[in-house]
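Listing of entry.txt; format and content: compact mmCIF, C-alpha atoms.
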# COMPACT_ATOMS: atom_id res chain seq x y z
CA ASP E 618 -41.77 37.15 -31.24
CA GLY E 619 -42.59 36.46 -34.85
CA GLN E 620 -44.86 34.54 -37.14
CA LEU E 621 -44.68 32.77 -40.48
CA VAL E 622 -47.71 32.03 -42.64
CA GLU E 623 -47.50 29.80 -45.71
CA SER E 624 -49.87 29.86 -48.66
CA GLY E 625 -50.11 28.56 -52.19
CA GLY E 626 -50.60 24.86 -51.61
CA GLY E 627 -53.22 22.84 -53.42
CA LEU E 628 -53.97 19.96 -55.75
CA VAL E 629 -51.85 19.73 -58.90
CA THR E 630 -51.46 17.06 -61.55
CA PRO E 631 -48.11 15.30 -62.06
CA GLY E 632 -45.77 17.46 -64.09
CA GLY E 633 -47.49 20.61 -62.94
CA SER E 634 -46.22 23.62 -61.02
CA LEU E 635 -46.99 25.50 -57.84
CA ARG E 636 -45.52 28.50 -56.08
CA LEU E 637 -45.56 28.54 -52.31
CA SER E 638 -45.26 31.76 -50.34
CA CYS E 639 -44.29 32.36 -46.74
CA ALA E 640 -45.12 35.71 -45.17
CA ALA E 641 -43.13 36.83 -42.15
CA SER E 642 -44.45 39.20 -39.52
CA GLY E 643 -43.06 40.49 -36.23
CA PHE E 644 -39.46 40.35 -37.43
CA SER E 645 -37.40 41.40 -40.42
CA LEU E 646 -36.87 38.52 -42.82
CA ARG E 647 -33.67 40.13 -44.13
CA SER E 648 -31.81 39.26 -40.95
CA PHE E 649 -32.26 35.50 -41.22
CA ASN E 650 -31.50 32.51 -43.40
CA MET E 651 -34.71 30.67 -44.21
CA ASN E 652 -35.69 27.09 -44.93
CA TRP E 653 -38.41 24.96 -46.45
CA VAL E 654 -39.13 21.62 -44.78
CA ARG E 655 -41.75 19.09 -45.87
CA GLN E 656 -43.54 16.14 -44.38
CA ALA E 657 -45.20 13.50 -46.50
CA PRO E 658 -48.34 11.90 -45.06
CA GLY E 659 -47.41 9.66 -42.14
CA LYS E 660 -43.69 10.28 -42.64
CA GLY E 661 -40.91 12.20 -40.96
CA LEU E 662 -39.53 15.65 -41.62
CA GLU E 663 -37.49 16.24 -44.77
CA TRP E 664 -35.39 19.36 -45.32
CA VAL E 665 -36.09 20.71 -48.82
CA SER E 666 -34.17 23.94 -49.37
CA SER E 667 -32.49 26.87 -47.67
CA ILE E 668 -31.55 30.42 -48.65
CA SER E 669 -29.13 32.80 -46.99
CA SER E 670 -30.24 36.22 -45.82
CA ARG E 671 -29.12 38.00 -48.98
CA SER E 672 -29.85 35.12 -51.35
CA THR E 673 -26.18 34.47 -52.03
CA ASP E 674 -26.31 30.82 -50.92
CA LEU E 675 -29.04 28.46 -52.08
CA LEU E 676 -29.15 24.80 -51.10
CA TYR E 677 -31.48 22.03 -52.26
CA ALA E 678 -32.10 18.44 -51.27
CA ASP E 679 -31.17 16.00 -54.01
CA SER E 680 -34.83 14.99 -54.28
CA VAL E 681 -35.84 18.46 -55.53
CA LYS E 682 -32.68 19.80 -57.15
CA GLY E 683 -33.34 21.11 -60.65
CA ARG E 684 -37.09 21.20 -60.10
CA PHE E 685 -37.58 23.56 -57.13
CA THR E 686 -36.32 27.13 -56.75
CA ILE E 687 -36.15 29.02 -53.47
CA SER E 688 -36.19 32.81 -53.43
CA ARG E 689 -37.02 35.71 -51.17
CA ASP E 690 -38.14 39.33 -51.21
CA ASN E 691 -36.71 40.94 -48.11
CA ALA E 692 -38.43 44.25 -48.79
CA GLU E 693 -41.80 42.50 -48.70
CA ASN E 694 -40.83 40.03 -45.95
CA LEU E 695 -41.68 37.11 -48.21
CA LEU E 696 -40.09 33.73 -48.89
CA TYR E 697 -41.00 31.61 -51.92
CA LEU E 698 -40.67 28.08 -53.22
CA GLU E 699 -41.28 27.60 -56.93
CA MET E 700 -42.03 23.94 -57.61
CA ASN E 701 -41.96 22.55 -61.14
CA SER E 702 -42.22 19.08 -62.65
CA LEU E 703 -44.12 17.94 -59.59
CA ARG E 704 -44.30 14.25 -58.79
CA ALA E 705 -46.58 12.17 -56.60
CA GLU E 706 -43.74 11.85 -54.09
CA ASP E 707 -43.74 15.64 -53.62
CA THR E 708 -47.11 15.33 -51.88
CA ALA E 709 -46.56 16.73 -48.40
CA VAL E 710 -47.19 19.50 -45.95
CA TYR E 711 -44.63 22.21 -46.66
CA TYR E 712 -43.34 24.35 -43.81
CA CYS E 713 -41.21 27.45 -43.92
CA ALA E 714 -38.90 27.93 -40.95
CA ARG E 715 -36.57 30.62 -39.68
CA HIS E 716 -32.94 29.73 -39.08
CA TYR E 717 -31.92 31.28 -35.77
CA PHE E 718 -28.40 31.39 -34.45
CA ASP E 719 -26.56 32.94 -31.53
CA SER E 720 -23.25 32.45 -29.76
CA SER E 721 -24.30 28.93 -28.76
CA GLY E 722 -25.41 27.59 -32.10
CA HIS E 723 -28.25 27.10 -34.53
CA GLY E 724 -31.87 26.02 -34.69
CA LEU E 725 -35.11 26.52 -36.65
CA ASP E 726 -36.98 28.56 -34.09
CA ILE E 727 -40.10 29.83 -35.89
CA TRP E 728 -42.23 27.62 -38.14
CA GLY E 729 -45.29 28.33 -40.18
CA GLN E 730 -48.46 26.28 -39.83
CA GLY E 731 -47.76 24.49 -43.12
CA THR E 732 -49.45 24.38 -46.51
CA THR E 733 -50.52 21.13 -48.14
CA VAL E 734 -49.40 20.16 -51.62
CA THR E 735 -51.10 17.18 -53.25
CA VAL E 736 -49.79 15.86 -56.56
CA SER E 737 -52.32 13.53 -58.13
CA SER E 738 -54.08 12.92 -61.39
CA ILE H 879 -24.29 12.81 -43.76
CA GLN H 880 -27.18 10.84 -42.30
CA LEU H 881 -28.49 11.18 -38.80
CA THR H 882 -29.34 7.95 -37.03
CA GLN H 883 -31.98 8.45 -34.36
CA SER H 884 -33.07 5.76 -31.92
CA PRO H 885 -35.34 4.31 -30.85
CA SER H 886 -37.94 4.79 -33.57
CA SER H 887 -40.69 4.40 -31.00
CA LEU H 888 -40.88 4.30 -27.25
CA SER H 889 -43.62 3.54 -24.73
CA ALA H 890 -43.38 5.17 -21.35
CA SER H 891 -45.48 6.30 -18.41
CA VAL H 892 -46.05 9.69 -16.85
CA GLY H 893 -43.15 10.37 -14.50
CA ASP H 894 -40.67 8.19 -16.39
CA ARG H 895 -37.25 9.39 -17.51
CA VAL H 896 -36.68 8.83 -21.21
CA THR H 897 -33.68 9.25 -23.46
CA ILE H 898 -33.53 9.52 -27.23
CA THR H 899 -30.25 9.20 -29.10
CA CYS H 900 -29.02 10.84 -32.28
CA ARG H 901 -25.81 9.78 -34.01
CA THR H 902 -24.59 12.36 -36.48
CA GLY H 903 -21.58 10.77 -38.12
CA GLN H 904 -19.77 14.08 -37.85
CA GLY H 905 -18.84 16.27 -34.90
CA MET H 906 -21.03 19.37 -34.97
CA SER H 907 -22.63 20.13 -31.60
CA SER H 908 -23.35 23.79 -32.37
CA TYR H 909 -25.50 22.68 -35.31
CA LEU H 910 -27.49 19.95 -33.56
CA ALA H 911 -31.10 20.69 -32.64
CA TRP H 912 -34.06 18.78 -31.20
CA TYR H 913 -37.73 19.30 -32.05
CA GLN H 914 -41.07 18.11 -30.73
CA GLN H 915 -43.99 17.60 -33.09
CA LYS H 916 -47.58 16.80 -32.26
CA PRO H 917 -50.07 15.46 -34.82
CA GLY H 918 -51.24 18.11 -37.26
CA LYS H 919 -48.89 20.73 -35.84
CA ALA H 920 -45.62 22.28 -36.90
CA PRO H 921 -42.45 21.15 -35.16
CA LYS H 922 -41.35 23.09 -32.10
CA LEU H 923 -37.72 23.81 -31.31
CA LEU H 924 -36.77 22.37 -27.91
CA ILE H 925 -32.98 22.44 -27.82
CA TYR H 926 -30.34 23.92 -30.10
CA ALA H 927 -26.58 23.73 -30.11
CA ALA H 928 -27.01 20.25 -28.58
CA TYR H 929 -27.54 21.55 -25.02
CA THR H 930 -29.18 25.01 -25.10
CA LEU H 931 -32.80 25.03 -24.00
CA GLN H 932 -35.01 27.19 -26.20
CA ILE H 933 -36.81 29.97 -24.33
CA GLY H 934 -40.07 28.77 -22.83
CA VAL H 935 -39.23 25.06 -22.96
CA PRO H 936 -39.64 23.30 -19.59
CA SER H 937 -36.47 22.42 -17.74
CA ARG H 938 -37.36 18.71 -17.69
CA PHE H 939 -36.01 18.67 -21.25
CA SER H 940 -32.24 18.55 -21.61
CA GLY H 941 -29.67 17.81 -24.27
CA SER H 942 -26.26 16.28 -23.91
CA GLY H 943 -23.52 14.58 -25.86
CA SER H 944 -20.40 15.38 -27.77
CA GLY H 945 -18.58 14.38 -30.91
CA THR H 946 -21.04 12.39 -32.95
CA ASP H 947 -23.42 11.07 -30.27
CA PHE H 948 -26.14 13.23 -28.73
CA THR H 949 -29.11 12.62 -26.49
CA LEU H 950 -32.39 14.28 -25.62
CA THR H 951 -33.60 13.49 -22.12
CA ILE H 952 -36.98 14.15 -20.55
CA SER H 953 -36.46 13.83 -16.83
CA SER H 954 -40.06 13.22 -15.75
CA LEU H 955 -42.60 12.68 -18.50
CA GLN H 956 -45.73 14.80 -18.42
CA PRO H 957 -48.94 14.08 -20.36
CA ASP H 958 -48.14 16.93 -22.78
CA ASP H 959 -44.83 15.30 -23.75
CA PHE H 960 -46.29 12.40 -25.72
CA ALA H 961 -45.33 13.36 -29.25
CA THR H 962 -42.75 12.67 -31.94
CA TYR H 963 -39.21 13.96 -31.50
CA TYR H 964 -36.64 14.72 -34.18
CA CYS H 965 -32.98 15.62 -34.15
CA GLN H 966 -31.61 17.83 -36.91
CA ARG H 967 -28.22 18.76 -38.24
CA LEU H 968 -28.13 22.34 -39.59
CA ASN H 969 -24.69 22.60 -41.13
CA GLY H 970 -23.93 21.84 -44.74
CA TYR H 971 -27.00 20.19 -46.25
CA PRO H 972 -29.35 20.03 -43.28
CA SER H 973 -31.03 16.74 -42.44
CA PHE H 974 -33.37 15.27 -39.85
CA GLY H 975 -33.30 12.06 -37.93
CA GLN H 976 -36.02 9.52 -38.63
CA GLY H 977 -38.04 10.56 -35.58
CA THR H 978 -38.94 8.92 -32.27
CA ARG H 979 -42.60 8.42 -31.48
CA LEU H 980 -43.16 8.62 -27.74
CA GLU H 981 -46.35 6.87 -26.71
CA ILE H 982 -48.17 6.36 -23.45
CA LYS H 983 -47.65 2.92 -21.93

So that I can check it, write out the structure of this file as structure tokens.
Amino acid sequence: DGQLVESGGGLVTPGGSLRLSCAASGFSLRSFNMNWVRQAPGKGLEWVSSISSRSTDLLYADSVKGRFTISRDNAENLLYLEMNSLRAEDTAVYYCARHYFDSSGHGLDIWGQGTTVTVSS
Amino acid sequence: IQLTQSPSSLSASVGDRVTITCRTGQGMSSYLAWYQQKPGKAPKLLIYAAYTLQIGVPSRFSGSGSGTDFTLTISSLQPDDFATYYCQRLNGYPSFGQGTRLEIK
């Protein structure tokens, strides 16, 4: 089927930066829109950002707009999330997810295992 | 546009039929999906396009609804089904419902 593996999480001080990566295997990333979704400790899922297959359309949640940048390298089958000006409220598990669609509709059908970002002094 | 999911939690027994509701505020059935998440695990796609069962998902799961009101139904709860469930809208700026925690009674 396919697999996604995130990396790059860790502990960072407020105001700091991190770059998350998501490596795809078993399918060609270039054929799919991709998303980042996060989950703060004990909380629900929050959509963070999405990118179209050729990077022409980028969307961000209001909570991260201006601080986070989504990008992709289709040749390397990699998705990225550059996170700047990090805040305590950005602490979460970050998932990358593939946006699947067919004649019926849409869903996020493949998810990575998640990478943990902790923002703390 | 916010998604309103209810109930926020639910206690049920093995064999029970349960229903979770998601109100989208905008008609968009082809962009409505349901996920199951277990503690420490990534979400799993159950249903997309409001009614279409994802490959490999047991047939006791079903989706229904139209317009702005959608439901996820589990026809006969199994021990593996106790988890948290989320609806999601994928059009425009995607968003998730608040989640429904399904617990064993």

Counting all atoms listed in the file, which residues of chain H come no farther than 10 Å from chain E, as a CSV table (one decimal) with C-alpha atoms, in the coordinates of the input?
chain,number,residue,atom,x,y,z
H,906,MET,CA,-21.0,19.4,-35.0
H,907,SER,CA,-22.6,20.1,-31.6
H,908,SER,CA,-23.4,23.8,-32.4
H,909,TYR,CA,-25.5,22.7,-35.3
H,910,LEU,CA,-27.5,20.0,-33.6
H,911,ALA,CA,-31.1,20.7,-32.6
H,912,TRP,CA,-34.1,18.8,-31.2
H,913,TYR,CA,-37.7,19.3,-32.0
H,915,GLN,CA,-44.0,17.6,-33.1
H,917,PRO,CA,-50.1,15.5,-34.8
H,918,GLY,CA,-51.2,18.1,-37.3
H,919,LYS,CA,-48.9,20.7,-35.8
H,920,ALA,CA,-45.6,22.3,-36.9
H,921,PRO,CA,-42.4,21.2,-35.2
H,922,LYS,CA,-41.4,23.1,-32.1
H,923,LEU,CA,-37.7,23.8,-31.3
H,924,LEU,CA,-36.8,22.4,-27.9
H,925,ILE,CA,-33.0,22.4,-27.8
H,926,TYR,CA,-30.3,23.9,-30.1
H,927,ALA,CA,-26.6,23.7,-30.1
H,928,ALA,CA,-27.0,20.2,-28.6
H,929,TYR,CA,-27.5,21.6,-25.0
H,930,THR,CA,-29.2,25.0,-25.1
H,932,GLN,CA,-35.0,27.2,-26.2
H,933,ILE,CA,-36.8,30.0,-24.3
H,962,THR,CA,-42.8,12.7,-31.9
H,963,TYR,CA,-39.2,14.0,-31.5
H,964,TYR,CA,-36.6,14.7,-34.2
H,965,CYS,CA,-33.0,15.6,-34.2
H,966,GLN,CA,-31.6,17.8,-36.9
H,967,ARG,CA,-28.2,18.8,-38.2
H,968,LEU,CA,-28.1,22.3,-39.6
H,969,ASN,CA,-24.7,22.6,-41.1
H,970,GLY,CA,-23.9,21.8,-44.7
H,971,TYR,CA,-27.0,20.2,-46.2
H,972,PRO,CA,-29.4,20.0,-43.3
H,973,SER,CA,-31.0,16.7,-42.4
H,974,PHE,CA,-33.4,15.3,-39.8
H,975,GLY,CA,-33.3,12.1,-37.9
H,976,GLN,CA,-36.0,9.5,-38.6
H,977,GLY,CA,-38.0,10.6,-35.6
H,978,THR,CA,-38.9,8.9,-32.3

Using only C-alpha atoms: which of E:Ser642, E:Thr708, E:Thr732, E:Ser669 has the shortest distance to Asp618 in chain E: E:Ser642

Near-range 944-946 of chain H list (7 Å; all atoms listed in the file; drop same-chain fewer than 4 positions) as a PyMOL selection string: chain H and resi 901-907

Residue with smallest distance to Glu981 in chain H - pool H:Leu881, H:Leu888, H:Val935, H:Val896, counting all atoms listed in the file: H:Leu888

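Between Phe644 in chain E and the residues E:Asp707, E:Arg715, E:Arg689, E:Ile668, the shortest atom-to-atom distance, using all atoms listed in the file, involves E:Arg715.
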